[in-house]
Amino acid sequence: MAEKSFVQITSDVSSALETMRKEVPDTMQGFHALSKAALKAGVLSALDKELIALAIGVSSRCDACIGFHVKALIRLGVTREQLMETLAVCTYMGGGPSLMYAAEAVRAFEEFSPKS
């Protein structure tokens with residue numbers, strides 16, 4: 001079985017989203033505005049909000065969500081420790097299936113992290 005690539009998943013989904021932006025622009029503009037407002041730093045930092053979004057992506061078993069939110073977390077400077085603690089809570093709340101997708105989030109983190 002071929003290993004999935006989060007770089008490929010996010011690239012493929014981005015292409016499909018671009019098609020949707022062209023064909024249903026009002027919906028996509030509305031979703032973008034919702035995303036921007038929800039993830040804007042406030043009482044919770046942007047990093048904290050992205051960790052929450054990742055946790056929901058893990059519990060929903062959404063590969064694209066994991067990829068996009070891990071990329072955003074890396075851009076925001078997440079530490080491996082912050083990621084792992086978030087994934088530990090996901091596992092606690094979601095059991096075995098969340099543990100399997102938490103492991104996928106670790107793979108995404110390692111795939112997107114700059115190589116030293």
# chains A, B, ... in the order shown; residues from 1 in each chain; ligands from 1

$ residues_around --residues "Asp48 in chain A" --least-positions-apart "2" --cutoff "10 Å" --atoms "only C-alpha atoms" --output "list in words"
Leu39, Ala41, Val43, Leu44, Ser45, Ala46, Glu50, Leu51, Ile52, Ala53, Leu54, Leu73, Leu76, Val78, Gln82 and Thr86 of chain A

$ residues_around --residues "Glu104 in chain A" --least-positions-apart "6" --cutoff "10 Å" --atoms "only C-alpha atoms" --output "JSON, numbers by chain"
{"A": [4, 6, 58, 61, 63, 66, 67, 98, 110]}

$ residues_around --residues "Tyr101 in chain A" --least-positions-apart "6" --cutoff "12 Å" --atoms "only C-alpha atoms" --output "list in words"
Leu54, Ala55, Ile56, Gly57, Val58, Ser59, Ser60, Arg61, Cys62, Asp63, Ala64, Cys65, Ile66, Gly67, Leu87, Ala88, Cys90, Thr91, Gly94, Gly95, Arg107 and Ala108 of chain A

$ select_by_dssp --residues "chain A" --states "alpha helix (DSSP H)" --output "MDAnalysis selection string"
chainID A and resid 6:23 25:39 46:60 63:75 80:112

$ closest_residue --among "A:Ile9, A:Ala16, A:Met84, A:Val24" --to "Glu111 in chain A" --atoms "only C-alpha atoms"
A:Ile9

$ residues_around --residues "Arg80 in chain A" --least-positions-apart "5" --cutoff "9 Å" --atoms "only C-alpha atoms" --output "number ranges by chain"
A: 85, 106, 109

$ atom_distance --atom1 "CA of Phe68 in chain A" --atom2 "CA of Thr10 in chain A"
6.5 Å

$ closest_residue --among "A:Arg21, A:Ile74, A:Lys115, A:Gln29" --to "Leu47 in chain A" --atoms "only C-alpha atoms"
A:Ile74

$ atom_distance --atom1 "CA of Phe112 in chain A" --atom2 "CA of Lys36 in chain A"
22.1 Å

$ decode --residues "range 25-38 of chain A" --atoms "N, CA and C atoms" --output "PDB file, in the first residue's frame"
ATOM      1  N   PRO A  25     -18.416  31.218  -6.056  1.00  0.00           N
ATOM      2  CA  PRO A  25     -17.582  32.209  -5.368  1.00  0.00           C
ATOM      3  C   PRO A  25     -18.224  32.767  -4.096  1.00  0.00           C
ATOM      4  N   ASP A  26     -19.517  32.965  -4.076  1.00  0.00           N
ATOM      5  CA  ASP A  26     -20.143  33.529  -2.878  1.00  0.00           C
ATOM      6  C   ASP A  26     -19.988  32.590  -1.685  1.00  0.00           C
ATOM      7  N   THR A  27     -20.209  31.308  -1.922  1.00  0.00           N
ATOM      8  CA  THR A  27     -20.054  30.322  -0.854  1.00  0.00           C
ATOM      9  C   THR A  27     -18.618  30.299  -0.354  1.00  0.00           C
ATOM     10  N   MET A  28     -17.680  30.279  -1.271  1.00  0.00           N
ATOM     11  CA  MET A  28     -16.279  30.192  -0.887  1.00  0.00           C
ATOM     12  C   MET A  28     -15.806  31.463  -0.194  1.00  0.00           C
ATOM     13  N   GLN A  29     -16.288  32.632  -0.637  1.00  0.00           N
ATOM     14  CA  GLN A  29     -15.947  33.886   0.041  1.00  0.00           C
ATOM     15  C   GLN A  29     -16.513  33.890   1.454  1.00  0.00           C
ATOM     16  N   GLY A  30     -17.733  33.377   1.600  1.00  0.00           N
ATOM     17  CA  GLY A  30     -18.342  33.298   2.926  1.00  0.00           C
ATOM     18  C   GLY A  30     -17.569  32.370   3.846  1.00  0.00           C
ATOM     19  N   PHE A  31     -17.162  31.223   3.318  1.00  0.00           N
ATOM     20  CA  PHE A  31     -16.385  30.276   4.122  1.00  0.00           C
ATOM     21  C   PHE A  31     -15.038  30.876   4.504  1.00  0.00           C
ATOM     22  N   HIS A  32     -14.399  31.567   3.562  1.00  0.00           N
ATOM     23  CA  HIS A  32     -13.106  32.207   3.850  1.00  0.00           C
ATOM     24  C   HIS A  32     -13.262  33.264   4.954  1.00  0.00           C
ATOM     25  N   ALA A  33     -14.320  34.055   4.865  1.00  0.00           N
ATOM     26  CA  ALA A  33     -14.556  35.085   5.892  1.00  0.00           C
ATOM     27  C   ALA A  33     -14.789  34.430   7.257  1.00  0.00           C
ATOM     28  N   LEU A  34     -15.548  33.334   7.282  1.00  0.00           N
ATOM     29  CA  LEU A  34     -15.800  32.614   8.532  1.00  0.00           C
ATOM     30  C   LEU A  34     -14.490  32.082   9.106  1.00  0.00           C
ATOM     31  N   SER A  35     -13.677  31.476   8.249  1.00  0.00           N
ATOM     32  CA  SER A  35     -12.393  30.932   8.676  1.00  0.00           C
ATOM     33  C   SER A  35     -11.492  32.021   9.241  1.00  0.00           C
ATOM     34  N   LYS A  36     -11.401  33.125   8.514  1.00  0.00           N
ATOM     35  CA  LYS A  36     -10.533  34.236   8.939  1.00  0.00           C
ATOM     36  C   LYS A  36     -10.991  34.792  10.299  1.00  0.00           C
ATOM     37  N   ALA A  37     -12.292  34.965  10.458  1.00  0.00           N
ATOM     38  CA  ALA A  37     -12.820  35.500  11.718  1.00  0.00           C
ATOM     39  C   ALA A  37     -12.619  34.515  12.868  1.00  0.00           C
ATOM     40  N   ALA A  38     -12.879  33.244  12.623  1.00  0.00           N
ATOM     41  CA  ALA A  38     -12.776  32.236  13.681  1.00  0.00           C
ATOM     42  C   ALA A  38     -11.340  32.026  14.139  1.00  0.00           C
TER      43      ALA A  38
END
